[in-house]
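What's in query.cif: mmCIF, C-alpha atoms
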```cif
data_final
loop_
_atom_site.label_atom_id
_atom_site.label_comp_id
_atom_site.auth_asym_id
_atom_site.auth_seq_id
_atom_site.Cartn_x
_atom_site.Cartn_y
_atom_site.Cartn_z
CA MET A 1 -24.86 -10.57 -3.11
CA PRO A 2 -25.46 -13.11 -0.32
CA LEU A 3 -22.42 -13.45 1.95
CA GLY A 4 -22.37 -17.25 1.52
CA LEU A 5 -22.20 -16.98 -2.26
CA LEU A 6 -19.48 -14.34 -2.00
CA ALA A 7 -17.46 -16.60 0.29
CA VAL A 8 -17.78 -19.52 -2.16
CA ILE A 9 -16.63 -17.32 -5.07
CA VAL A 10 -13.67 -16.04 -3.06
CA VAL A 11 -12.55 -19.53 -1.97
CA MET A 12 -12.97 -21.01 -5.45
CA GLY A 13 -11.21 -18.02 -6.93
CA LEU A 14 -8.23 -18.36 -4.58
CA VAL A 15 -7.92 -22.07 -5.37
CA ALA A 16 -8.20 -21.46 -9.12
CA ILE A 17 -5.61 -18.66 -9.09
CA PHE A 18 -3.15 -20.70 -7.01
CA ALA A 19 -3.62 -23.75 -9.27
CA VAL A 20 -3.09 -21.72 -12.43
CA LEU A 21 0.03 -20.04 -11.01
CA TYR A 22 1.42 -23.41 -9.92
CA PHE A 23 0.83 -25.20 -13.18
CA ALA A 24 1.85 -22.24 -15.35
CA GLY A 25 5.32 -22.40 -13.79
CA LEU A 26 5.43 -18.64 -13.29
CA THR A 27 7.07 -18.87 -9.89
CA ARG A 28 10.38 -20.54 -10.57
CA ALA A 29 12.80 -19.34 -7.89
CA MET A 30 15.38 -16.78 -8.88
CA GLU A 31 19.06 -17.83 -8.99
CA LEU A 32 21.54 -15.18 -8.00
CA THR A 33 24.80 -14.39 -9.70
CA GLU A 34 27.33 -12.02 -8.21
CA ALA A 35 26.13 -9.32 -10.62
CA THR A 36 22.43 -9.79 -9.86
CA ALA A 37 23.15 -9.99 -6.14
CA ARG A 38 25.00 -6.67 -6.38
CA ASP A 39 22.19 -5.06 -8.41
CA GLU A 40 19.46 -6.34 -6.12
CA PHE A 41 21.36 -5.22 -3.03
CA ILE A 42 21.90 -1.72 -4.36
CA ALA A 43 18.23 -1.48 -5.41
CA ASP A 44 17.24 -2.36 -1.85
CA ASN A 45 19.95 -0.27 -0.17
CA PRO A 46 20.60 2.66 -2.51
CA SER A 47 22.90 4.45 -0.07
CA LEU A 48 25.29 1.48 0.26
CA THR A 49 27.98 0.10 -2.04
CA PRO A 50 28.98 -3.58 -1.64
CA ASP A 51 32.63 -4.10 -0.71
CA SER A 52 32.47 -7.89 -1.07
CA ILE A 53 29.87 -10.49 -2.03
CA THR A 54 29.92 -14.14 -0.94
CA LEU A 55 27.44 -16.12 -2.99
CA ALA A 56 26.02 -19.39 -1.63
CA ALA A 57 26.55 -22.47 -3.80
CA SER A 58 22.76 -22.81 -3.95
CA ARG A 59 22.63 -19.33 -5.54
CA LYS A 60 19.73 -18.52 -3.25
CA ALA A 61 21.55 -16.20 -0.85
CA ALA A 62 24.59 -13.99 -0.46
CA LEU A 63 26.51 -12.41 2.40
CA ILE A 64 27.38 -8.85 1.51
CA GLU A 65 29.84 -6.53 3.24
CA ALA A 66 28.68 -2.94 2.90
CA GLN A 67 29.27 -0.81 5.99
CA GLY A 68 28.48 -3.93 7.99
CA LEU A 69 27.41 -7.44 7.11
CA HIS A 70 24.14 -7.93 5.21
CA LEU A 71 22.20 -10.96 4.07
CA LEU A 72 20.53 -11.03 0.66
CA TRP A 73 18.19 -13.92 0.03
CA VAL A 74 15.76 -15.21 -2.58
CA MET A 75 12.04 -15.51 -1.77
CA GLY A 76 10.74 -17.33 -4.84
CA THR A 77 10.99 -14.75 -7.62
CA ASP A 78 11.54 -11.99 -5.05
CA VAL A 79 14.65 -10.87 -3.21
CA ALA A 80 15.03 -9.30 0.23
CA SER A 81 18.01 -8.04 2.18
CA HIS A 82 18.72 -7.20 5.78
CA ARG A 83 21.59 -5.92 7.89
CA LEU A 84 22.70 -8.71 10.22
CA ALA A 85 23.26 -6.71 13.39
CA GLY A 86 21.57 -8.66 16.19
CA ALA A 87 20.88 -11.71 14.02
CA ILE A 88 21.15 -15.21 15.51
CA PRO A 89 22.34 -18.02 13.16
CA VAL A 90 21.26 -21.57 14.02
CA GLU A 91 22.59 -24.59 12.11
CA THR A 92 19.99 -26.82 10.48
CA LYS A 93 20.10 -30.00 8.39
CA THR A 94 20.08 -27.96 5.19
CA GLY A 95 22.19 -25.02 6.22
CA LEU A 96 21.35 -22.16 8.53
CA SER A 97 18.29 -20.58 10.03
CA VAL A 98 18.96 -16.90 10.62
CA HIS A 99 16.75 -15.18 13.16
CA ILE A 100 16.59 -11.46 12.46
CA ALA A 101 15.39 -8.91 14.98
CA ASP A 102 12.77 -7.47 12.61
CA TYR A 103 9.02 -8.13 12.62
CA ALA A 104 8.98 -7.71 8.82
CA ALA A 105 11.73 -10.29 8.20
CA PRO A 106 11.79 -12.55 11.24
CA ARG A 107 13.59 -15.70 10.06
CA VAL A 108 15.43 -16.79 6.95
CA ALA A 109 16.10 -20.45 6.12
CA LEU A 110 19.28 -20.74 4.05
CA THR A 111 20.32 -23.75 1.99
CA LEU A 112 24.10 -24.03 2.43
CA THR A 113 26.78 -26.68 2.19
CA PRO A 114 28.17 -27.80 5.59
CA GLU A 115 31.34 -25.77 4.98
CA GLU A 116 29.33 -22.69 4.01
CA ALA A 117 27.08 -23.10 7.03
CA ARG A 118 30.07 -23.14 9.39
CA ASP A 119 31.73 -20.18 7.67
CA TRP A 120 28.54 -18.11 7.41
CA LYS A 121 27.59 -18.84 11.02
CA ALA A 122 31.00 -17.62 12.18
CA ARG A 123 30.78 -14.47 10.08
CA ILE A 124 27.24 -13.67 11.19
CA THR A 125 28.09 -14.31 14.83
CA GLU A 126 31.15 -12.10 14.54
CA ALA A 127 29.09 -9.34 12.91
CA THR A 128 26.55 -9.30 15.70
CA MET B 1 -29.49 0.85 -11.06
CA ASP B 2 -31.73 3.37 -9.37
CA LEU B 3 -29.59 6.30 -8.26
CA SER B 4 -32.59 8.29 -7.05
CA THR B 5 -32.80 6.27 -3.85
CA LEU B 6 -30.26 5.60 -1.11
CA ASN B 7 -30.38 1.85 -1.64
CA TYR B 8 -27.02 1.75 -3.36
CA PRO B 9 -25.72 -1.72 -4.18
CA ASP B 10 -22.59 -3.08 -2.52
CA ILE B 11 -20.73 -2.82 -5.79
CA VAL B 12 -17.37 -3.98 -4.47
CA SER B 13 -18.93 -7.32 -3.46
CA LEU B 14 -20.63 -7.53 -6.84
CA ALA B 15 -17.27 -6.95 -8.51
CA VAL B 16 -15.53 -9.88 -6.77
CA PRO B 17 -16.31 -12.41 -9.55
CA PHE B 18 -14.95 -9.87 -12.05
CA PHE B 19 -11.77 -9.46 -9.98
CA VAL B 20 -11.20 -13.24 -9.93
CA ALA B 21 -11.86 -13.61 -13.66
CA ALA B 22 -9.62 -10.67 -14.53
CA VAL B 23 -6.70 -12.10 -12.49
CA LEU B 24 -7.05 -15.45 -14.30
CA ILE B 25 -7.17 -13.69 -17.67
CA GLU B 26 -4.06 -11.64 -16.81
CA ILE B 27 -2.16 -14.79 -15.81
CA ALA B 28 -3.25 -16.49 -19.03
CA TRP B 29 -2.10 -13.46 -21.02
CA ILE B 30 1.33 -13.48 -19.34
CA VAL B 31 1.71 -17.22 -20.03
CA ILE B 32 0.60 -16.97 -23.66
CA ALA B 33 2.26 -13.68 -24.62
CA LYS B 34 5.30 -14.28 -22.39
CA ARG B 35 5.20 -10.62 -21.35
CA GLY B 36 2.94 -8.21 -19.54
CA GLY B 37 3.96 -8.84 -15.96
CA ARG B 38 5.31 -11.23 -13.39
CA TYR B 39 3.67 -13.39 -10.73
CA GLU B 40 4.99 -15.08 -7.60
CA ALA B 41 2.46 -17.54 -6.17
CA ARG B 42 3.10 -16.72 -2.51
CA ASP B 43 3.07 -13.00 -3.23
CA ALA B 44 -0.24 -13.33 -5.07
CA MET B 45 -1.76 -15.42 -2.27
CA THR B 46 -0.61 -12.81 0.26
CA SER B 47 -2.24 -10.06 -1.79
CA LEU B 48 -5.49 -12.01 -2.02
CA ALA B 49 -5.42 -12.73 1.71
CA MET B 50 -4.93 -9.02 2.33
CA GLY B 51 -7.97 -8.35 0.16
CA VAL B 52 -10.11 -10.81 2.12
CA GLY B 53 -8.84 -9.30 5.38
CA ASN B 54 -9.75 -5.83 4.15
CA VAL B 55 -13.34 -6.97 3.55
CA VAL B 56 -13.47 -8.56 7.01
CA ALA B 57 -12.06 -5.38 8.60
CA GLY B 58 -14.71 -3.39 6.75
CA VAL B 59 -17.47 -5.62 8.10
CA LEU B 60 -16.11 -5.38 11.65
CA LEU B 61 -15.14 -1.70 11.71
CA GLY B 62 -17.19 -0.11 8.92
CA PHE B 63 -19.72 1.12 11.45
CA VAL B 64 -17.11 3.54 12.85
CA THR B 65 -16.73 5.44 9.58
CA TYR B 66 -20.41 5.25 8.66
CA GLY B 67 -21.43 6.28 12.19
CA PHE B 68 -19.09 9.29 12.04
CA LEU B 69 -20.41 10.36 8.65
CA MET B 70 -24.06 9.90 9.73
CA TRP B 71 -23.34 12.00 12.81
CA LEU B 72 -22.11 14.78 10.49
CA TRP B 73 -25.12 14.25 8.25
CA ASP B 74 -27.40 14.99 11.18
CA LEU B 75 -25.51 18.23 11.76
CA THR B 76 -25.55 19.65 8.26
CA PRO B 77 -28.52 21.67 7.02
CA LEU B 78 -27.61 20.88 3.40
CA ASP B 79 -29.02 18.04 1.29
CA LEU B 80 -28.07 17.93 -2.38
CA GLY B 81 -30.46 15.06 -3.07
CA THR B 82 -29.79 11.92 -5.05
CA SER B 83 -29.96 12.89 -8.72
CA PRO B 84 -27.46 11.28 -11.08
CA TRP B 85 -25.72 14.66 -11.49
CA VAL B 86 -25.21 14.86 -7.76
CA VAL B 87 -23.80 11.32 -7.77
CA ALA B 88 -21.44 12.30 -10.60
CA LEU B 89 -20.30 15.43 -8.74
CA CYS B 90 -19.86 13.37 -5.59
CA PHE B 91 -17.68 10.91 -7.54
CA VAL B 92 -15.38 13.70 -8.76
CA LEU B 93 -15.10 15.41 -5.37
CA ASP B 94 -14.60 12.07 -3.63
CA ASP B 95 -11.72 11.40 -6.01
CA LEU B 96 -10.19 14.71 -4.89
CA ARG B 97 -10.63 13.48 -1.30
CA TYR B 98 -8.95 10.23 -2.29
CA TYR B 99 -5.99 12.10 -3.74
CA TRP B 100 -5.33 13.86 -0.41
CA VAL B 101 -5.95 10.76 1.72
CA HIS B 102 -3.49 8.93 -0.51
CA ARG B 103 -0.94 11.75 -0.35
CA PHE B 104 -1.19 11.82 3.45
CA GLY B 105 -0.84 8.03 3.26
CA HIS B 106 2.67 8.49 1.85
CA ARG B 107 3.75 11.58 3.75
CA VAL B 108 2.48 10.94 7.28
CA ARG B 109 3.92 7.83 8.87
CA TRP B 110 0.79 7.13 10.94
CA VAL B 111 -1.23 6.85 7.73
CA TRP B 112 1.64 5.15 5.87
CA ALA B 113 1.57 2.38 8.50
CA SER B 114 -1.85 1.47 7.15
CA HIS B 115 -1.11 2.00 3.46
CA VAL B 116 2.37 0.48 3.29
CA ASN B 117 1.04 -3.05 2.79
CA HIS B 118 -0.39 -2.04 -0.60
CA HIS B 119 3.17 -1.24 -1.72
CA SER B 120 4.84 -4.21 -0.08
CA SER B 121 4.62 -6.48 -3.12
CA GLN B 122 7.62 -6.63 -5.45
CA HIS B 123 5.18 -7.33 -8.26
CA TYR B 124 2.67 -5.20 -10.12
CA ASN B 125 -0.26 -7.25 -11.25
CA LEU B 126 -4.01 -7.37 -10.64
CA THR B 127 -3.58 -9.16 -7.32
CA THR B 128 -1.54 -6.18 -6.10
CA ALA B 129 -4.70 -4.09 -6.41
CA LEU B 130 -6.36 -6.35 -3.86
CA ARG B 131 -3.49 -6.04 -1.35
CA GLN B 132 -5.50 -3.63 0.77
CA THR B 133 -5.18 -2.35 4.31
CA TRP B 134 -6.68 -3.94 7.41
CA THR B 135 -6.12 -0.89 9.59
CA GLY B 136 -7.44 2.05 7.59
CA THR B 137 -10.07 2.91 10.18
CA PHE B 138 -7.34 3.63 12.75
CA THR B 139 -5.71 6.34 10.64
CA GLY B 140 -8.63 8.73 11.16
CA MET B 141 -8.58 9.69 7.49
CA MET B 142 -12.37 9.48 7.48
CA VAL B 143 -12.27 13.13 8.53
CA LEU B 144 -11.38 14.03 4.96
CA SER B 145 -14.88 12.85 3.96
CA ALA B 146 -16.41 15.36 6.37
CA PRO B 147 -16.50 18.27 3.89
CA LEU B 148 -18.50 16.16 1.43
CA VAL B 149 -21.11 15.30 4.06
CA LEU B 150 -21.27 18.88 5.28
CA LEU B 151 -21.79 20.04 1.67
CA GLY B 152 -24.88 17.84 1.49
CA PHE B 153 -23.76 14.55 -0.04
CA HIS B 154 -25.37 11.65 1.79
CA PRO B 155 -22.89 9.25 3.50
CA ALA B 156 -24.36 6.27 1.62
CA MET B 157 -23.64 8.03 -1.66
CA ILE B 158 -20.09 8.84 -0.56
CA LEU B 159 -19.42 5.19 0.28
CA PHE B 160 -21.00 4.13 -3.04
CA VAL B 161 -18.77 6.38 -5.14
CA GLY B 162 -15.81 5.30 -2.98
CA GLY B 163 -16.57 1.74 -4.08
CA LEU B 164 -16.66 2.85 -7.73
CA ASN B 165 -13.29 4.53 -7.21
CA LEU B 166 -11.84 1.33 -5.78
CA ILE B 167 -13.16 -0.72 -8.69
CA TYR B 168 -11.69 1.74 -11.21
CA GLN B 169 -8.30 1.40 -9.57
CA PHE B 170 -8.33 -2.39 -9.85
CA TRP B 171 -7.64 -2.62 -13.58
CA ILE B 172 -4.78 -0.11 -13.60
CA HIS B 173 -2.60 -2.49 -11.54
CA THR B 174 -1.18 -4.27 -14.55
CA GLU B 175 1.87 -4.34 -16.77
CA ALA B 176 -0.14 -5.95 -19.56
CA ILE B 177 -1.28 -2.51 -20.81
CA HIS B 178 1.52 -0.17 -21.86
CA LYS B 179 0.01 3.21 -22.79
CA LEU B 180 -3.53 4.25 -23.68
CA PRO B 181 -4.66 7.02 -26.08
CA ARG B 182 -3.11 10.41 -25.28
CA TRP B 183 -6.40 12.07 -24.36
CA PHE B 184 -7.09 9.29 -21.87
CA GLU B 185 -3.58 9.39 -20.39
CA ALA B 186 -3.95 13.18 -20.05
CA VAL B 187 -7.06 13.04 -17.89
CA MET B 188 -7.40 9.61 -16.32
CA ASN B 189 -5.23 7.52 -14.05
CA THR B 190 -3.88 4.66 -16.17
CA PRO B 191 -1.68 1.58 -15.76
CA SER B 192 1.30 3.65 -16.89
CA HIS B 193 0.70 6.46 -14.38
CA HIS B 194 0.04 4.05 -11.54
CA ARG B 195 3.12 1.93 -12.30
CA VAL B 196 5.06 5.09 -11.55
CA HIS B 197 3.29 5.35 -8.21
CA HIS B 198 4.32 1.80 -7.29
CA GLY B 199 7.93 2.26 -8.43
CA ARG B 200 10.61 2.50 -5.78
CA ASN B 201 13.05 4.13 -8.20
CA ALA B 202 14.26 7.45 -6.77
CA ARG B 203 12.60 9.22 -9.71
CA TYR B 204 9.18 7.84 -8.90
CA LEU B 205 9.00 8.30 -5.12
CA ASP B 206 6.02 10.35 -3.89
CA ALA B 207 4.40 10.68 -7.31
CA ASN B 208 1.02 10.03 -8.93
CA TYR B 209 -1.32 9.77 -5.95
CA ALA B 210 -4.45 9.93 -8.12
CA GLY B 211 -7.30 7.47 -7.84
CA VAL B 212 -9.34 8.01 -11.01
CA PHE B 213 -8.38 11.43 -12.43
CA ILE B 214 -4.64 12.05 -12.91
CA VAL B 215 -5.41 15.76 -13.23
CA TRP B 216 -5.14 16.10 -9.44
CA ASP B 217 -1.44 15.22 -9.60
CA LYS B 218 -0.92 17.69 -12.42
CA LEU B 219 -2.79 20.35 -10.43
CA PHE B 220 -0.87 19.79 -7.18
CA GLY B 221 2.57 19.19 -8.70
CA THR B 222 3.04 15.48 -7.99
CA PHE B 223 2.73 14.09 -11.52
CA VAL B 224 5.64 12.14 -12.98
CA PRO B 225 5.23 10.41 -16.36
CA GLU B 226 6.56 6.88 -16.82
CA GLN B 227 9.97 6.91 -18.49
CA ASP B 228 10.80 4.13 -20.94
CA HIS B 229 14.49 4.40 -19.96
CA ASP B 230 13.72 4.01 -16.24
CA ARG B 231 11.33 1.10 -15.84
CA PRO B 232 9.60 0.97 -12.45
CA ASP B 233 11.15 -1.36 -9.91
CA TYR B 234 8.22 -2.31 -7.69
CA GLY B 235 8.05 -2.56 -3.94
CA LEU B 236 9.22 -0.61 -0.93
CA VAL B 237 12.39 1.46 -0.73
CA HIS B 238 13.62 -1.35 1.50
CA ASN B 239 11.57 -4.48 0.89
CA ILE B 240 10.15 -6.65 3.64
CA GLY B 241 11.21 -10.29 3.94
CA THR B 242 7.94 -12.08 4.55
CA PHE B 243 4.79 -13.29 2.80
CA ASN B 244 2.91 -13.61 6.11
CA PRO B 245 -0.24 -11.45 5.71
CA VAL B 246 -0.37 -10.59 9.42
CA ARG B 247 3.21 -9.34 9.37
CA VAL B 248 2.52 -7.48 6.12
CA ALA B 249 -0.53 -5.82 7.69
CA PHE B 250 1.08 -4.75 10.95
CA HIS B 251 4.83 -4.43 10.36
CA GLU B 252 4.94 -0.64 10.12
CA TRP B 253 2.76 -0.25 13.23
CA VAL B 254 5.26 -2.48 15.04
CA ALA B 255 8.12 -0.38 13.65
CA ILE B 256 6.48 2.83 14.92
CA TRP B 257 6.04 1.26 18.36
CA ARG B 258 9.70 0.14 18.35
CA ASP B 259 10.85 3.65 17.42
CA LEU B 260 8.66 5.28 20.08
CA ARG B 261 10.16 3.02 22.77
CA GLN B 262 13.72 4.20 22.14
CA PRO B 263 15.16 5.66 25.33
CA GLY B 264 15.97 9.34 25.62
CA LEU B 265 13.48 10.69 23.08
CA SER B 266 11.77 14.02 23.63
CA MET B 267 8.01 14.28 23.21
CA ARG B 268 8.69 16.23 20.01
CA ASP B 269 10.77 13.31 18.67
CA ARG B 270 8.05 10.82 19.52
CA LEU B 271 5.44 12.91 17.76
CA ALA B 272 7.74 13.25 14.77
CA TYR B 273 8.12 9.46 14.53
CA VAL B 274 4.34 9.28 14.16
CA LEU B 275 3.60 12.32 12.05
CA ARG B 276 6.69 12.98 9.90
CA PRO B 277 7.19 11.21 6.57
CA PRO B 278 8.46 7.62 6.48
CA GLY B 279 12.25 7.50 6.82
CA TRP B 280 12.49 10.34 9.36
CA ARG B 281 14.72 9.54 12.33
CA HIS B 282 15.63 11.68 15.32
CA ASP B 283 19.31 10.97 14.69
CA ASP B 284 18.94 11.53 10.93
CA PRO B 285 16.08 13.98 10.38
CA GLY B 286 16.97 14.53 6.73
CA GLY B 287 16.28 10.90 5.79
CA GLY B 288 13.43 9.80 3.57
CA SER B 289 12.50 10.20 -0.07
CA ALA B 290 14.04 13.67 -0.49
CA ARG B 291 17.42 12.31 0.62
CA ILE B 292 17.09 9.32 -1.72
CA LYS B 293 16.36 11.63 -4.67
CA ALA B 294 19.21 13.98 -3.75
CA ASP B 295 21.66 11.08 -3.39
CA TYR B 296 20.56 9.68 -6.76
CA VAL B 297 21.10 13.01 -8.48
CA ALA B 298 24.49 13.36 -6.78
CA ARG B 299 25.48 10.00 -8.31
CA ASN B 300 23.74 10.73 -11.62
CA PRO B 301 24.05 14.49 -12.24
CA GLU B 302 22.53 14.15 -15.71
CA ALA B 303 19.19 13.31 -14.02
CA SER B 304 19.00 16.73 -12.35
CA GLY B 305 15.89 18.63 -13.42
CA THR B 306 14.39 15.68 -15.33
CA ALA B 307 10.98 14.17 -14.58
CA GLY B 308 10.76 13.27 -10.90
CA PHE B 309 13.91 15.26 -10.09
CA GLU B 310 12.62 18.79 -10.55
CA GLY B 311 14.32 20.96 -7.95
CA TYR B 312 17.19 18.50 -7.45
#
```
Before we go any further, please render this structure as structure tokens.
Amino acid sequence: MPLGLLAVIVVMGLVAIFAVLYFAGLTRAMELTEATARDEFIADNPSLTPDSITLAASRKAALIEAQGLHLLWVMGTDVASHRLAGAIPVETKTGLSVHIADYAAPRVALTLTPEEARDWKARITEAT
Amino acid sequence: MDLSTLNYPDIVSLAVPFFVAAVLIEIAWIVIAKRGGRYEARDAMTSLAMGVGNVVAGVLLGFVTYGFLMWLWDLTPLDLGTSPWVVALCFVLDDLRYYWVHRFGHRVRWVWASHVNHHSSQHYNLTTALRQTWTGTFTGMMVLSAPLVLLGFHPAMILFVGGLNLIYQFWIHTEAIHKLPRWFEAVMNTPSHHRVHHGRNARYLDANYAGVFIVWDKLFGTFVPEQDHDRPDYGLVHNIGTFNPVRVAFHEWVAIWRDLRQPGLSMRDRLAYVLRPPGWRHDDPGGGSARIKADYVARNPEASGTAGFEGY
């Protein structure tokens, strides 16, 4: 197959797939509850048991105490978590931007109320 | 298709329109049937970008593998020819090669660094099949093709059947198909068997490495059947927090480099960080999948001795 034709098929295919996914509404962001946050955290950290869970009002993130402070956050329909040792929280207009010292999870933008942002920043700073 | 010559078609390129159509059909099926899998747009786009990057890497670095195999071809006195039977035998033996490359890909961190991106999606759909490595050439796993060349299979034939193997594995990356007829499940790799391979559940770690024929896993003791009471949870033991394809492609290489730079390590430790299974640490050498399985069984004693926990 000529390379040009292959490139056209690939580009058109990517556009078509993205458009279908967008319009099909298959990627509605997950909303956490305390129970789902706990389950997702344990699935991602099977050797740890959460001692406390602080859920953001946006339901898109949680601070979790489990042998140290961890952040659990929603990425669309996915969830990721990370220990917050060495993390740097920076206040933004919508909440916090947490810079994590990990190439595979470099920065997390959190939507938080002003009160949450202040509280979470203090807790993250204290933990690091 | 004329298999009696060495002008094999680039079948993976020819299959690209089929890949695109199949993804669209799978999405349509999930929307209409409201079951059969999950999609996340950014995850799917990352997978497709990884697929494009894999093709580009192949164009840029493919000469390394082909050059190595042609060098071996010049050395060997054997030539099995190009009959369809030879192609069929090559396909089967190449699948055995694939099994071991894949097993090394999960048990040797240097090879895992290349393969990890294929498992980095939290979803299991047809786009996941296209989430392929950019750095496979650097693992050196091409040496496992050497026996085939030395036995008399031409390098062009080996790459051709490797393409067929890749195409076969595309359609098994789906939740839209539950189980296939028993005879097929007994011999062939299927969506059910491969879902197990992508599961991060303790039960499913380091299982079902097969490409086309699941019999290799049964032969070498790595087969675990999918359990209806323990649905696969897809992704890595600890998932990454990015959709950036470059970070997906290189994150484990960066992690190896970070580990190697720790102060106070012996040369033995440094080698172990490269060659031992993922999860090994100098200050916790028992870490990794065996520990995860043992911990799971300690918390769930009733699982001891069941599928995936034999010996625990």
*What residues in chain A have any atom no more than 7 Å from chain B when counting all atoms listed in the file, and can you write them as a list of chain:residue names?*
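Using all atoms listed in the file, chain A residues at most 7 Å from chain B: A:Met1, A:Ile9, A:Gly13, A:Ile17, A:Phe18, A:Leu21, A:Ala24, A:Leu26, A:Thr27, A:Asp44, A:Asn45, A:Gly76, A:Thr77, A:Asp78, A:Ala80, A:Tyr103, A:Ala104, A:Ala105.
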Export of the given selection (C-alpha atoms) as a compact mmCIF listing (two decimals), keeping the file's coordinate frame:
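Generated output (result.txt):
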```
# COMPACT_ATOMS: atom_id res chain seq x y z
CA MET A 1 -24.86 -10.57 -3.11
CA ILE A 9 -16.63 -17.32 -5.07
CA GLY A 13 -11.21 -18.02 -6.93
CA ILE A 17 -5.61 -18.66 -9.09
CA PHE A 18 -3.15 -20.70 -7.01
CA LEU A 21 0.03 -20.04 -11.01
CA ALA A 24 1.85 -22.24 -15.35
CA LEU A 26 5.43 -18.64 -13.29
CA THR A 27 7.07 -18.87 -9.89
CA ASP A 44 17.24 -2.36 -1.85
CA ASN A 45 19.95 -0.27 -0.17
CA GLY A 76 10.74 -17.33 -4.84
CA THR A 77 10.99 -14.75 -7.62
CA ASP A 78 11.54 -11.99 -5.05
CA ALA A 80 15.03 -9.30 0.23
CA TYR A 103 9.02 -8.13 12.62
CA ALA A 104 8.98 -7.71 8.82
CA ALA A 105 11.73 -10.29 8.20
```
*Do a neighbour search on His282 of chain B at 12 Å with only C-alpha atoms, toss out local chain neighbours closer than 3 positions, and write the hits as a ChimeraX atom specification.*
/B:259-260,262-274,276,279,285-287
_Quick check on the file I pasted: which residues fall under the PyMOL selection byres ((chain A and resi 125-127) around 12)? Write them as a ChimeraX atom specification._
/A:63-71,83-91,98-99,117-124,128
Selection file, C-alpha atoms, as a short mmCIF file (atom, residue, chain, number, x, y, z; two decimals), in the frame of the given file:
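Writing done, so here's result-v9.cif:
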```
data_model
loop_
_atom_site.label_atom_id
_atom_site.label_comp_id
_atom_site.auth_asym_id
_atom_site.auth_seq_id
_atom_site.Cartn_x
_atom_site.Cartn_y
_atom_site.Cartn_z
CA LEU A 63 26.51 -12.41 2.40
CA ILE A 64 27.38 -8.85 1.51
CA GLU A 65 29.84 -6.53 3.24
CA ALA A 66 28.68 -2.94 2.90
CA GLN A 67 29.27 -0.81 5.99
CA GLY A 68 28.48 -3.93 7.99
CA LEU A 69 27.41 -7.44 7.11
CA HIS A 70 24.14 -7.93 5.21
CA LEU A 71 22.20 -10.96 4.07
CA ARG A 83 21.59 -5.92 7.89
CA LEU A 84 22.70 -8.71 10.22
CA ALA A 85 23.26 -6.71 13.39
CA GLY A 86 21.57 -8.66 16.19
CA ALA A 87 20.88 -11.71 14.02
CA ILE A 88 21.15 -15.21 15.51
CA PRO A 89 22.34 -18.02 13.16
CA VAL A 90 21.26 -21.57 14.02
CA GLU A 91 22.59 -24.59 12.11
CA VAL A 98 18.96 -16.90 10.62
CA HIS A 99 16.75 -15.18 13.16
CA ALA A 117 27.08 -23.10 7.03
CA ARG A 118 30.07 -23.14 9.39
CA ASP A 119 31.73 -20.18 7.67
CA TRP A 120 28.54 -18.11 7.41
CA LYS A 121 27.59 -18.84 11.02
CA ALA A 122 31.00 -17.62 12.18
CA ARG A 123 30.78 -14.47 10.08
CA ILE A 124 27.24 -13.67 11.19
CA THR A 128 26.55 -9.30 15.70
#
```
*May I ask for the distance between atom CA of Leu3 of chain A and atom CA of Thr128 of chain B, given in Å to one decimal place?*
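Straight-line distance from atom CA of Leu3 of chain A to atom CA of Thr128 of chain B works out to 23.5 Å.
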*Mind giving me the straight-line distance from atom CA of Gly221 of chain B to atom CA of Gly140 of chain B in Å, one decimal?*
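One can read the atom CA of Gly221 of chain B to atom CA of Gly140 of chain B distance as 25.1 Å.
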*Gap from atom CA of Gly152 of chain B to atom CA of Leu78 of chain B - Å, one decimal*: 4.5 Å
*Check which residues satisfy the PyMOL selection byres ((chain A and resi 55) around 10) in the file shown, then give them as a list in words.*
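Output of the PyMOL selection byres ((chain A and resi 55) around 10): Leu32, Thr33, Glu34, Ala37, Ser52, Ile53, Thr54, Ala56, Ala57, Ser58, Arg59, Lys60, Ala61, Ala62, Leu63, Ile64, Leu72, Trp73 and Glu116 of chain A.
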For the residues selected in the previous step, produce a file with C-alpha atoms as a PDB file, in the coordinates of the input.
```pdb
ATOM      1  CA  LEU A  32      21.540 -15.180  -8.000  1.00  0.00           C
ATOM      2  CA  THR A  33      24.800 -14.390  -9.700  1.00  0.00           C
ATOM      3  CA  GLU A  34      27.330 -12.020  -8.210  1.00  0.00           C
ATOM      4  CA  ALA A  37      23.150  -9.990  -6.140  1.00  0.00           C
ATOM      5  CA  SER A  52      32.470  -7.890  -1.070  1.00  0.00           C
ATOM      6  CA  ILE A  53      29.870 -10.490  -2.030  1.00  0.00           C
ATOM      7  CA  THR A  54      29.920 -14.140  -0.940  1.00  0.00           C
ATOM      8  CA  ALA A  56      26.020 -19.390  -1.630  1.00  0.00           C
ATOM      9  CA  ALA A  57      26.550 -22.470  -3.800  1.00  0.00           C
ATOM     10  CA  SER A  58      22.760 -22.810  -3.950  1.00  0.00           C
ATOM     11  CA  ARG A  59      22.630 -19.330  -5.540  1.00  0.00           C
ATOM     12  CA  LYS A  60      19.730 -18.520  -3.250  1.00  0.00           C
ATOM     13  CA  ALA A  61      21.550 -16.200  -0.850  1.00  0.00           C
ATOM     14  CA  ALA A  62      24.590 -13.990  -0.460  1.00  0.00           C
ATOM     15  CA  LEU A  63      26.510 -12.410   2.400  1.00  0.00           C
ATOM     16  CA  ILE A  64      27.380  -8.850   1.510  1.00  0.00           C
ATOM     17  CA  LEU A  72      20.530 -11.030   0.660  1.00  0.00           C
ATOM     18  CA  TRP A  73      18.190 -13.920   0.030  1.00  0.00           C
ATOM     19  CA  GLU A 116      29.330 -22.690   4.010  1.00  0.00           C
TER      20      GLU A 116
END
```
